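The file model_37.txt contains compact mmCIF, C-alpha atoms and all ligand atoms:
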# COMPACT_ATOMS: atom_id res chain seq x y z
CA MET A 965 197.02 37.37 214.12
CA LYS A 966 195.52 33.95 213.65
CA ALA A 967 191.83 33.59 214.29
CA LEU A 968 192.50 31.17 217.11
CA ASP A 969 194.89 33.53 218.93
CA PHE A 970 192.39 36.31 218.54
CA CYS A 971 189.75 34.12 220.03
CA LEU A 972 191.92 33.17 222.97
CA ILE A 973 192.57 36.79 223.78
CA LEU A 974 188.90 37.55 223.59
CA LEU A 975 188.22 34.62 225.85
CA LEU A 976 190.55 36.12 228.39
CA LEU A 977 188.61 39.34 228.08
CA GLU A 978 185.46 37.32 228.65
CA GLU A 979 182.49 36.94 226.33
CA LEU A 980 182.27 36.64 222.53
CA CYS A 981 184.32 33.59 221.67
CA GLY A 982 182.97 31.68 224.61
CA SER A 983 179.69 29.91 224.43
CA THR A 984 177.53 31.70 221.91
CA SER A 985 174.54 30.33 223.69
CA GLY A 986 174.79 32.92 226.45
CA LEU A 987 173.56 30.37 228.94
CA ARG A 988 176.64 29.86 231.06
CA TRP A 989 174.79 31.25 234.03
CA LEU A 990 172.82 27.99 234.03
CA ALA A 991 175.87 26.58 235.81
CA LEU A 992 174.18 28.06 238.88
CA ALA A 993 172.02 24.95 238.79
CA THR A 994 175.08 22.96 239.80
CA VAL A 995 176.05 25.11 242.79
CA GLY A 996 175.95 22.62 245.65
CA SER A 997 173.67 24.41 248.05
CA VAL A 998 172.02 27.78 248.09
CA ASP A 999 173.86 28.52 251.32
CA HIS A 1000 176.84 29.15 249.07
CA ILE A 1001 175.11 32.33 247.95
CA GLN A 1002 174.71 34.31 251.15
CA LYS A 1003 177.16 37.15 250.89
CA GLU A 1004 177.99 39.49 248.05
CA GLU A 1005 181.53 38.10 247.75
CA ALA A 1006 180.04 34.76 246.71
CA CYS A 1007 178.94 36.35 243.43
CA ASP A 1008 182.56 36.56 242.29
CA THR A 1009 183.13 32.87 242.85
CA LEU A 1010 180.06 31.69 240.92
CA SER A 1011 181.09 30.23 237.61
CA GLY A 1012 179.36 31.15 234.41
CA LEU A 1013 178.40 34.71 235.28
CA VAL A 1014 179.60 37.65 233.17
CA LYS A 1015 180.66 40.86 234.85
CA ARG A 1016 177.27 42.48 234.56
CA GLN A 1017 175.57 39.44 236.04
CA LYS A 1018 178.00 39.46 238.96
CA LYS A 1019 177.06 43.06 239.60
CA ILE A 1020 173.35 42.23 239.52
CA CYS A 1021 174.06 39.27 241.81
CA LYS A 1022 175.73 41.54 244.38
CA ARG A 1023 172.90 44.03 244.37
CA ASN A 1024 170.26 41.29 244.58
CA ILE A 1025 171.86 38.60 246.65
CA GLU A 1026 168.52 37.52 248.15
CA VAL A 1027 167.08 36.91 244.69
CA MET A 1028 169.91 34.59 243.66
CA HIS A 1029 168.44 31.56 245.41
CA ALA A 1030 165.43 31.93 243.16
CA VAL A 1031 167.66 32.28 240.09
CA LYS A 1032 169.37 29.03 241.01
CA LYS A 1033 165.99 27.35 241.54
CA GLY A 1034 164.87 28.67 238.16
CA ALA A 1035 167.92 27.18 236.49
CA VAL A 1036 167.29 23.78 238.09
CA SER A 1037 163.62 23.68 237.13
CA ALA A 1038 164.40 24.83 233.58
CA ILE A 1039 166.80 21.93 233.10
CA ASP A 1040 164.31 19.47 234.64
CA GLU A 1041 161.50 20.70 232.43
CA CYS A 1042 163.68 20.56 229.32
CA GLN A 1043 164.50 16.93 230.11
CA TYR A 1044 160.83 16.15 230.65
CA GLN A 1045 159.67 17.79 227.41
CA PHE A 1046 162.51 16.25 225.39
CA GLN A 1047 162.61 12.79 226.95
CA ASN A 1048 161.43 11.11 223.75
CA ARG A 1049 163.60 13.08 221.35
CA ARG A 1050 166.99 12.20 219.95
CA TRP A 1051 168.59 15.05 221.81
CA ASN A 1052 167.04 14.66 225.24
CA CYS A 1053 168.43 17.75 226.93
CA SER A 1054 171.16 15.73 228.59
CA THR A 1055 173.70 17.68 230.61
CA VAL A 1056 177.44 17.16 230.83
CA ASP A 1057 179.51 17.36 234.01
CA HIS A 1058 182.64 19.01 232.70
CA GLY A 1059 183.13 22.63 231.75
CA SER A 1060 180.83 25.51 232.53
CA ALA A 1061 178.47 24.89 229.60
CA VAL A 1062 175.76 22.76 231.16
CA PHE A 1063 174.69 21.20 227.85
CA GLY A 1064 178.17 20.84 226.37
CA ASN A 1065 178.51 22.13 222.82
CA VAL A 1066 175.00 21.31 221.69
CA LEU A 1067 173.73 24.85 222.02
CA ASN A 1068 176.64 26.55 220.30
CA ALA A 1069 174.73 26.48 217.04
CA GLY A 1070 171.63 28.65 216.69
CA THR A 1071 169.22 25.74 216.39
CA ARG A 1072 165.62 25.10 217.46
CA GLU A 1073 166.98 23.26 220.50
CA ALA A 1074 169.00 26.32 221.49
CA ALA A 1075 165.87 28.44 221.04
CA PHE A 1076 163.91 26.19 223.39
CA VAL A 1077 166.57 26.06 226.07
CA HIS A 1078 166.91 29.84 226.08
CA ALA A 1079 163.15 30.25 226.38
CA ILE A 1080 162.66 27.66 229.13
CA SER A 1081 165.62 29.02 231.11
CA SER A 1082 164.28 32.53 230.93
CA ALA A 1083 160.84 31.24 231.91
CA GLY A 1084 162.40 29.32 234.81
CA VAL A 1085 163.97 32.44 236.28
CA THR A 1086 160.83 34.53 235.75
CA TYR A 1087 158.77 31.85 237.45
CA ALA A 1088 161.08 31.26 240.41
CA VAL A 1089 161.67 34.95 241.11
CA THR A 1090 157.93 35.67 240.92
CA LYS A 1091 157.29 32.85 243.37
CA ALA A 1092 159.98 34.09 245.73
CA CYS A 1093 158.31 37.51 245.71
CA SER A 1094 154.88 36.17 246.67
CA SER A 1095 156.25 33.98 249.42
CA GLY A 1096 157.96 36.94 251.05
CA GLN A 1097 161.52 35.71 250.55
CA VAL A 1098 162.59 38.93 248.85
CA ASP A 1099 162.28 42.30 250.58
CA LYS A 1100 162.32 44.26 247.34
CA CYS A 1101 159.17 42.72 245.98
CA GLY A 1102 155.96 41.16 247.21
CA CYS A 1103 152.53 40.49 245.83
CA ASP A 1104 151.18 42.51 242.94
CA ARG A 1105 149.07 45.15 244.70
CA SER A 1106 148.07 46.91 241.50
CA ILE A 1107 145.18 44.53 240.95
CA ARG A 1108 142.39 45.79 243.22
CA GLY A 1109 138.68 46.46 243.35
CA LYS A 1110 135.72 44.76 241.75
CA SER A 1111 136.10 42.88 238.50
CA PRO A 1112 133.60 43.15 235.63
CA GLN A 1113 132.64 39.54 236.39
CA GLY A 1114 131.53 40.61 239.83
CA PHE A 1115 134.24 39.17 242.05
CA GLU A 1116 136.53 41.07 244.33
CA TRP A 1117 140.28 41.16 243.64
CA ALA A 1118 141.98 40.28 246.91
CA GLY A 1119 144.79 38.20 248.28
CA CYS A 1120 148.25 37.87 246.87
CA SER A 1121 148.47 38.17 243.11
CA ASP A 1122 151.79 36.83 241.87
CA ASN A 1123 154.06 39.66 240.81
CA VAL A 1124 155.03 38.37 237.40
CA ALA A 1125 155.98 41.88 236.28
CA TYR A 1126 158.79 41.92 238.82
CA GLY A 1127 159.92 38.39 238.01
CA SER A 1128 159.92 39.14 234.33
CA ALA A 1129 161.79 42.43 234.70
CA PHE A 1130 164.45 40.87 236.93
CA CYS A 1131 164.83 38.02 234.48
CA GLY A 1132 165.24 40.47 231.60
CA MET A 1133 168.00 42.23 233.47
CA PHE A 1134 169.86 39.10 234.55
CA VAL A 1135 169.32 36.57 231.78
CA ASP A 1136 169.76 39.04 228.91
CA ALA A 1137 172.89 40.57 230.42
CA ARG A 1138 175.41 38.62 228.35
CA GLU A 1139 173.73 39.49 225.07
CA ARG A 1140 173.29 43.13 226.01
CA ALA A 1141 176.91 43.43 227.09
CA LYS A 1142 178.14 42.93 223.57
CA GLY A 1143 178.59 46.11 221.60
CA ARG A 1144 177.53 45.16 218.11
CA GLN A 1145 174.88 42.56 218.24
CA SER A 1146 175.36 39.39 216.26
CA SER A 1147 172.38 37.65 214.75
CA ARG A 1148 172.85 34.98 217.38
CA ALA A 1149 172.53 37.55 220.14
CA LEU A 1150 169.31 38.79 218.53
CA MET A 1151 168.04 35.23 218.40
CA ASN A 1152 168.85 34.63 222.06
CA LEU A 1153 167.22 37.88 223.16
CA HIS A 1154 164.08 37.09 221.19
CA ASN A 1155 163.75 33.60 222.67
CA ASN A 1156 164.49 34.83 226.19
CA GLU A 1157 161.59 37.25 225.83
CA ALA A 1158 159.35 34.51 224.43
CA GLY A 1159 160.10 32.47 227.56
CA ARG A 1160 159.05 35.30 229.86
CA LEU A 1161 155.88 35.83 227.84
CA ALA A 1162 154.96 32.15 228.15
CA VAL A 1163 154.84 32.59 231.93
CA GLU A 1164 152.79 35.79 231.68
CA GLU A 1165 150.37 34.31 229.15
CA ASN A 1166 149.63 31.35 231.41
CA MET A 1167 148.79 33.37 234.52
CA LYS A 1168 145.46 32.21 235.90
CA VAL A 1169 142.69 33.76 237.89
CA GLN A 1170 142.34 31.74 241.07
CA CYS A 1171 139.41 32.20 243.40
CA LYS A 1172 138.10 31.41 246.83
CA CYS A 1173 134.47 31.37 247.90
CA HIS A 1174 133.19 33.00 251.08
CA GLY A 1175 129.78 32.66 252.66
CA VAL A 1176 127.80 30.18 254.70
CA SER A 1177 128.84 26.61 253.97
CA GLY A 1178 130.71 27.53 250.83
CA SER A 1179 127.72 29.21 249.19
CA CYS A 1180 130.00 31.59 247.35
CA GLU A 1181 128.03 34.72 248.22
CA MET A 1182 131.28 36.52 247.87
CA LYS A 1183 134.16 35.46 245.67
CA THR A 1184 137.69 36.84 246.01
CA CYS A 1185 140.25 36.22 243.33
CA TRP A 1186 143.87 36.84 242.53
CA ARG A 1187 146.20 36.23 239.59
CA GLY A 1188 148.38 33.22 240.18
CA LEU A 1189 151.20 31.44 238.42
CA PRO A 1190 150.30 28.33 236.41
CA SER A 1191 152.22 25.10 237.01
CA PHE A 1192 155.65 25.22 235.41
CA ARG A 1193 154.67 22.12 233.43
CA GLU A 1194 152.06 24.21 231.58
CA VAL A 1195 154.72 26.75 230.67
CA GLY A 1196 157.01 23.95 229.47
CA ALA A 1197 154.24 22.43 227.36
CA MET A 1198 153.45 25.76 225.73
CA LEU A 1199 157.10 26.33 224.88
CA LYS A 1200 157.38 22.80 223.51
CA ASP A 1201 154.48 23.59 221.16
CA ARG A 1202 156.29 26.73 220.10
CA PHE A 1203 159.46 24.70 219.58
CA ASP A 1204 157.49 22.49 217.18
CA GLY A 1205 156.25 25.55 215.31
CA ALA A 1206 159.44 27.62 215.51
CA SER A 1207 160.34 29.96 212.63
CA GLU A 1208 163.61 29.88 210.77
CA VAL A 1209 164.92 33.43 210.50
CA GLU A 1210 167.85 35.38 209.15
CA GLU A 1211 169.30 38.76 209.83
CA GLN A 1212 168.27 41.79 207.83
CA LYS A 1213 169.69 45.28 207.98
CA VAL A 1214 167.16 48.01 208.51
CA GLY A 1215 169.02 51.29 208.38
CA SER A 1216 171.79 50.99 210.92
CA ARG A 1217 169.92 48.35 212.89
CA LYS A 1218 169.59 44.65 212.40
CA LYS A 1219 166.53 42.56 212.84
CA LEU A 1220 165.44 38.99 212.29
CA VAL A 1221 163.04 38.20 209.46
CA PRO A 1222 161.64 34.90 208.15
CA LYS A 1223 164.12 33.10 205.93
CA ASN A 1224 161.32 32.03 203.67
CA THR A 1225 159.62 35.25 202.63
CA GLN A 1226 156.36 33.41 202.02
CA PHE A 1227 155.93 32.82 205.73
CA LYS A 1228 154.36 35.47 207.82
CA PRO A 1229 156.67 37.25 210.23
CA HIS A 1230 157.12 35.69 213.67
CA GLU A 1231 155.60 37.35 216.68
CA THR A 1232 157.09 38.13 220.06
CA GLN A 1233 155.89 34.89 221.64
CA ASP A 1234 157.21 32.62 218.86
CA LEU A 1235 160.54 30.82 219.03
CA VAL A 1236 163.04 31.60 216.30
CA TYR A 1237 166.20 29.84 215.10
CA LEU A 1238 168.97 30.51 212.60
CA GLU A 1239 170.31 27.09 211.68
CA ALA A 1240 168.84 23.69 210.93
CA SER A 1241 169.53 21.15 213.68
CA PRO A 1242 171.95 18.27 213.18
CA ASP A 1243 170.23 14.88 213.29
CA TYR A 1244 171.78 14.02 216.70
CA CYS A 1245 172.08 10.42 215.49
CA ILE A 1246 175.69 9.71 216.30
CA SER A 1247 178.01 10.79 219.04
CA ASP A 1248 179.97 13.82 217.85
CA PRO A 1249 182.19 15.86 220.17
CA GLU A 1250 182.11 18.75 217.71
CA THR A 1251 178.36 19.28 217.95
CA GLY A 1252 178.16 17.85 221.46
CA SER A 1253 175.60 15.28 220.35
CA LEU A 1254 175.74 12.07 222.39
CA GLY A 1255 174.01 10.03 219.70
CA THR A 1256 171.09 7.69 220.25
CA SER A 1257 172.93 4.40 220.67
CA GLY A 1258 171.68 2.84 223.91
CA ARG A 1259 168.48 4.85 224.01
CA THR A 1260 165.22 3.01 224.53
CA CYS A 1261 162.64 3.38 221.80
CA ASN A 1262 158.98 2.57 221.22
CA ARG A 1263 158.48 -0.19 218.71
CA SER A 1264 154.88 0.68 217.86
CA SER A 1265 155.36 4.41 217.40
CA LYS A 1266 155.89 6.07 214.05
CA ALA A 1267 156.94 9.33 215.72
CA ILE A 1268 160.39 10.47 216.81
CA ASP A 1269 160.28 8.13 219.84
CA GLY A 1270 159.70 5.14 217.54
CA CYS A 1271 162.59 2.76 216.96
CA GLU A 1272 162.84 3.62 213.28
CA LEU A 1273 163.50 7.31 213.80
CA MET A 1274 165.12 7.18 217.24
CA CYS A 1275 167.71 4.61 216.14
CA CYS A 1276 168.29 6.39 212.81
CA GLY A 1277 167.76 3.16 210.87
CA ARG A 1278 170.56 1.30 212.68
CA GLY A 1279 168.12 -1.12 214.25
CA PHE A 1280 167.63 -2.11 217.85
CA ASN A 1281 168.19 -4.89 220.35
CA VAL A 1282 165.43 -6.41 222.41
CA LYS A 1283 166.03 -6.69 226.13
CA ARG A 1284 163.61 -9.09 227.74
CA ARG A 1285 162.98 -8.54 231.42
CA VAL A 1286 160.75 -10.23 233.94
CA VAL A 1287 159.06 -7.84 236.31
CA ASP A 1288 156.86 -8.40 239.35
CA GLU A 1289 153.41 -6.97 239.08
CA ARG A 1290 150.37 -6.74 241.36
CA CYS A 1291 147.55 -8.77 239.89
CA HIS A 1292 144.19 -10.47 240.62
CA CYS A 1293 143.39 -7.68 243.04
CA LYS A 1294 140.29 -8.26 245.17
CA PHE A 1295 138.38 -5.76 247.23
CA HIS A 1296 137.57 -6.97 250.74
CA TRP A 1297 134.73 -5.58 252.87
CA CYS A 1298 135.71 -3.25 254.47
CA CYS A 1299 138.12 -1.71 253.37
CA TYR A 1300 141.21 -3.11 251.85
CA VAL A 1301 142.48 -4.47 248.56
CA LYS A 1302 144.44 -7.69 248.38
CA CYS A 1303 146.59 -8.52 245.37
CA GLN A 1304 148.81 -11.35 244.24
CA GLN A 1305 152.24 -11.03 242.77
CA CYS A 1306 152.53 -12.10 239.15
CA LYS A 1307 155.50 -12.30 236.87
CA LYS A 1308 155.24 -10.41 233.64
CA VAL A 1309 157.60 -10.38 230.70
CA VAL A 1310 158.31 -6.98 229.23
CA ASP A 1311 160.39 -6.23 226.21
CA GLU A 1312 162.52 -3.14 226.04
CA TYR A 1313 163.89 -1.92 222.73
CA VAL A 1314 167.32 -0.37 222.75
CA CYS A 1315 168.93 1.40 219.81
CA ARG A 1316 172.06 -0.14 218.35
C1 LIG A 1401 169.46 10.88 227.30
O1 LIG A 1401 170.29 10.38 226.29
C2 LIG A 1401 171.54 9.91 226.73
C3 LIG A 1401 172.33 9.43 225.52
O2 LIG A 1401 171.99 10.05 224.36
C4 LIG A 1401 171.36 8.79 227.73
O3 LIG A 1401 172.62 8.39 228.24
C5 LIG A 1401 170.46 9.23 228.88
O4 LIG A 1401 170.16 8.16 229.72
C6 LIG A 1401 169.17 9.81 228.33
N1 LIG A 1401 168.40 10.34 229.42
C7 LIG A 1401 167.13 10.01 229.61
C8 LIG A 1401 166.46 10.65 230.79
O5 LIG A 1401 166.53 9.24 228.89
C1 LIG A 1402 154.38 3.65 222.16
O1 LIG A 1402 153.72 4.27 221.07
C2 LIG A 1402 152.33 3.97 220.98
C3 LIG A 1402 151.81 4.56 219.67
O2 LIG A 1402 152.20 5.91 219.53
C4 LIG A 1402 151.64 4.50 222.23
O3 LIG A 1402 150.27 4.21 222.17
C5 LIG A 1402 152.25 3.87 223.47
O4 LIG A 1402 151.70 4.42 224.63
C6 LIG A 1402 153.75 4.07 223.48
N1 LIG A 1402 154.34 3.30 224.57
C7 LIG A 1402 155.14 3.85 225.48
C8 LIG A 1402 155.67 2.91 226.51
O5 LIG A 1402 155.45 5.03 225.48

Once you've parsed the file, please lay out its structure as structure tokens.
Amino acid sequence: MKALDFCLILLLLEELCGSTSGLRWLALATVGSVDHIQKEEACDTLSGLVKRQKKICKRNIEVMHAVKKGAVSAIDECQYQFQNRRWNCSTVDHGSAVFGNVLNAGTREAAFVHAISSAGVTYAVTKACSSGQVDKCGCDRSIRGKSPQGFEWAGCSDNVAYGSAFCGMFVDARERAKGRQSSRALMNLHNNEAGRLAVEENMKVQCKCHGVSGSCEMKTCWRGLPSFREVGAMLKDRFDGASEVEEQKVGSRKKLVPKNTQFKPHETQDLVYLEASPDYCISDPETGSLGTSGRTCNRSSKAIDGCELMCCGRGFNVKRRVVDERCHCKFHWCCYVKCQQCKKVVDEYVCR
């Protein structure tokens, strides 16, 4: 049997030969409206879910709105954190792989997208719990009593344990479904976990003061979610410091170890990757890279957003535009500000 035929059969049987990224469920982000996910039968029509995820969907239909929200915010955050990079987390419209082929290889970028997606679901499910949208979960009531700092735990602490556990069940399902785990599956599982941890690590103590005119005689506090931007920024830092790993057999099990033995082993919260990234310079259907031609760049920056690196040495065109701007603003007593309209010339640099 030819490898291709074998692959096609496996595709029919779901899994394995499909996207190795295990992120097809992100297609949920493209489901028109959440009203599509009201009844259990809807789970079968959602594209991108493996059998186990469909089962989880049916048993947790009220959580699925949050999963969809998590997918949307993960993609948004990825595009924000990567806006100045050659690969800018752009999505494609066709097929069920939201990012096209880019994540098929076990690169740093794939590591980040797995982590932010997992964080997105953890975050959104946790939020749904606190806001009372899900019967099965609510606030975290395990945090009670007086703290060592002297404040009283009260109010609704966000139930990140529930969000994280649900995420582990749903997001890891594709990787866990496979019998023998490939090194790519191990990579995905590790980065999924790192994403959940990034949410947990950023939980904040939030407080309210009680007493006459805000004197704070009594303080009540709860553990709350950070902004999702903070989670994204932390994961972007971990993307920058990600460890290259390879598979090692330990008895009958496999684990990931640093490729360069001089580096210290990665920890649970670190991102790991198996393959060096392509340069994403030119459009290449094979890797799914769109290339950087047409991207705007920053002429005065020496970093990756600078024209030299962004345009991969091909050079750039200057687009001169005239924009209207408020200027000569004066404050008038009392109380308004009056401005004039001025024309300003701005140059935009666009990669060839
Ligand atoms: C991302 O890059 C693609 C081409 O590589 C471009 O078409 C798109 O406008 C970029 N998106 C943003 C938000 O800059
Ligand atoms: C361009 O890069 C310079 C130097 O890094 C930075 O100060 C400036 O804010 C950047 N401009 C834009 C529009 O991002």

Q: In Å, rounded to a single decimal, give me how far atom CA of Asp1248 of chain A is from atom CA of Pro1222 of chain A.
A: 29.6 Å

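Pocket residues of ligand LIG 1402 (chain A), taken as those with any atom at most 6 Å away using all atoms listed in the file, are Asn1262, Ser1264 and Ser1265 of chain A.
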
Q.
If we count all atoms listed in the file and set the cut-off at 12 Å, which residues sit around Ser1191 of chain A, ignoring sequence neighbours fewer than 6 positions away in its own chain? Please answer as JSON, numbers by chain.
A. {"A": [1037, 1041, 1083, 1084, 1087, 1088, 1091, 1162, 1163, 1164, 1166, 1167, 1168, 1197, 1198]}

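Nearest to Tyr1044 of chain A of all the residues A:Val1014, A:Glu1194, A:Gln1145, A:Ala1069 is A:Glu1194, based on all atoms listed in the file.
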
Q.
Which residues are near ligand LIG 1401 (chain A) in this structure, taking near to mean any atom at most 9 Å from a ligand atom and counting only C-alpha atoms and all ligand atoms? Format them as JSON, numbers by chain.
A. {"A": [1043, 1044, 1046, 1047, 1048, 1049, 1050, 1051, 1052, 1053, 1054, 1055, 1244, 1245, 1246, 1247, 1253, 1254, 1255, 1256, 1257, 1258, 1259, 1260]}

Q: Could you please determine the separation between atom CA of Glu1026 of chain A and atom CA of Arg988 of chain A in Å, to one decimal place?
A: 20.4 Å

Q. For Phe1192 of chain A, which of A:Leu1220, A:Cys1131, A:Cys1042, A:Cys1120 is the closest residue, counting only C-alpha atoms?
A. A:Cys1042

**Q.** For Val1098 of chain A: contacts at 9 Å, all atoms listed in the file, fewer than 6 positions along chain excluded, given as a PyMOL selection string
**A.** chain A and resi 1026-1027+1089+1092

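With atom CA of Pro1190 of chain A on one side and atom CA of Thr1090 of chain A on the other, the separation reads 11.5 Å.
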
Taking the partial coordinates given, rebuild segment 1016-1041 of chain A to contain N, CA and C atoms; return it as an mmCIF file, in the coordinates of the input.
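This went into rebuild-v4.cif:
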data_model
loop_
_atom_site.group_PDB
_atom_site.id
_atom_site.type_symbol
_atom_site.label_atom_id
_atom_site.label_comp_id
_atom_site.auth_asym_id
_atom_site.auth_seq_id
_atom_site.Cartn_x
_atom_site.Cartn_y
_atom_site.Cartn_z
ATOM 1 N N ARG A 1016 178.514 41.788 234.263
ATOM 2 C CA ARG A 1016 177.270 42.480 234.560
ATOM 3 C C ARG A 1016 176.368 41.623 235.442
ATOM 4 N N GLN A 1017 176.397 40.320 235.214
ATOM 5 C CA GLN A 1017 175.570 39.440 236.040
ATOM 6 C C GLN A 1017 176.102 39.371 237.474
ATOM 7 N N LYS A 1018 177.420 39.444 237.616
ATOM 8 C CA LYS A 1018 178.000 39.460 238.960
ATOM 9 C C LYS A 1018 177.553 40.704 239.711
ATOM 10 N N LYS A 1019 177.511 41.808 238.999
ATOM 11 C CA LYS A 1019 177.060 43.060 239.600
ATOM 12 C C LYS A 1019 175.605 42.943 240.055
ATOM 13 N N ILE A 1020 174.768 42.403 239.177
ATOM 14 C CA ILE A 1020 173.350 42.230 239.520
ATOM 15 C C ILE A 1020 173.226 41.284 240.716
ATOM 16 N N CYS A 1021 174.046 40.243 240.704
ATOM 17 C CA CYS A 1021 174.060 39.270 241.810
ATOM 18 C C CYS A 1021 174.342 39.984 243.127
ATOM 19 N N LYS A 1022 175.359 40.845 243.137
ATOM 20 C CA LYS A 1022 175.730 41.540 244.380
ATOM 21 C C LYS A 1022 174.629 42.453 244.887
ATOM 22 N N ARG A 1023 173.960 43.091 243.961
ATOM 23 C CA ARG A 1023 172.900 44.030 244.370
ATOM 24 C C ARG A 1023 171.599 43.309 244.722
ATOM 25 N N ASN A 1024 171.517 42.026 244.360
ATOM 26 C CA ASN A 1024 170.260 41.290 244.580
ATOM 27 C C ASN A 1024 170.522 39.919 245.173
ATOM 28 N N ILE A 1025 171.406 39.891 246.152
ATOM 29 C CA ILE A 1025 171.860 38.600 246.650
ATOM 30 C C ILE A 1025 170.688 37.706 247.109
ATOM 31 N N GLU A 1026 169.645 38.313 247.646
ATOM 32 C CA GLU A 1026 168.520 37.520 248.150
ATOM 33 C C GLU A 1026 167.657 36.933 247.027
ATOM 34 N N VAL A 1027 167.847 37.444 245.817
ATOM 35 C CA VAL A 1027 167.080 36.910 244.690
ATOM 36 C C VAL A 1027 167.805 35.711 244.065
ATOM 37 N N MET A 1028 169.101 35.584 244.374
ATOM 38 C CA MET A 1028 169.910 34.590 243.660
ATOM 39 C C MET A 1028 169.492 33.147 243.952
ATOM 40 N N HIS A 1029 168.937 32.912 245.135
ATOM 41 C CA HIS A 1029 168.440 31.560 245.410
ATOM 42 C C HIS A 1029 167.350 31.193 244.406
ATOM 43 N N ALA A 1030 166.509 32.178 244.117
ATOM 44 C CA ALA A 1030 165.430 31.930 243.160
ATOM 45 C C ALA A 1030 166.001 31.710 241.760
ATOM 46 N N VAL A 1031 167.057 32.455 241.415
ATOM 47 C CA VAL A 1031 167.660 32.280 240.090
ATOM 48 C C VAL A 1031 168.211 30.856 239.967
ATOM 49 N N LYS A 1032 168.846 30.401 241.033
ATOM 50 C CA LYS A 1032 169.370 29.030 241.010
ATOM 51 C C LYS A 1032 168.220 28.022 240.860
ATOM 52 N N LYS A 1033 167.157 28.232 241.624
ATOM 53 C CA LYS A 1033 165.990 27.350 241.540
ATOM 54 C C LYS A 1033 165.426 27.352 240.119
ATOM 55 N N GLY A 1034 165.376 28.544 239.523
ATOM 56 C CA GLY A 1034 164.870 28.670 238.160
ATOM 57 C C GLY A 1034 165.712 27.877 237.184
ATOM 58 N N ALA A 1035 167.023 27.917 237.371
ATOM 59 C CA ALA A 1035 167.920 27.180 236.490
ATOM 60 C C ALA A 1035 167.682 25.677 236.620
ATOM 61 N N VAL A 1036 167.519 25.207 237.862
ATOM 62 C CA VAL A 1036 167.290 23.780 238.090
ATOM 63 C C VAL A 1036 165.974 23.335 237.453
ATOM 64 N N SER A 1037 164.904 24.128 237.665
ATOM 65 C CA SER A 1037 163.620 23.680 237.130
ATOM 66 C C SER A 1037 163.577 23.790 235.614
ATOM 67 N N ALA A 1038 164.332 24.734 235.044
ATOM 68 C CA ALA A 1038 164.400 24.830 233.580
ATOM 69 C C ALA A 1038 165.038 23.575 232.997
ATOM 70 N N ILE A 1039 166.120 23.120 233.600
ATOM 71 C CA ILE A 1039 166.800 21.930 233.100
ATOM 72 C C ILE A 1039 165.895 20.702 233.258
ATOM 73 N N ASP A 1040 165.245 20.580 234.420
ATOM 74 C CA ASP A 1040 164.310 19.470 234.640
ATOM 75 C C ASP A 1040 163.199 19.456 233.602
ATOM 76 N N GLU A 1041 162.627 20.622 233.357
ATOM 77 C CA GLU A 1041 161.500 20.700 232.430
ATOM 78 C C GLU A 1041 161.954 20.392 231.013
#
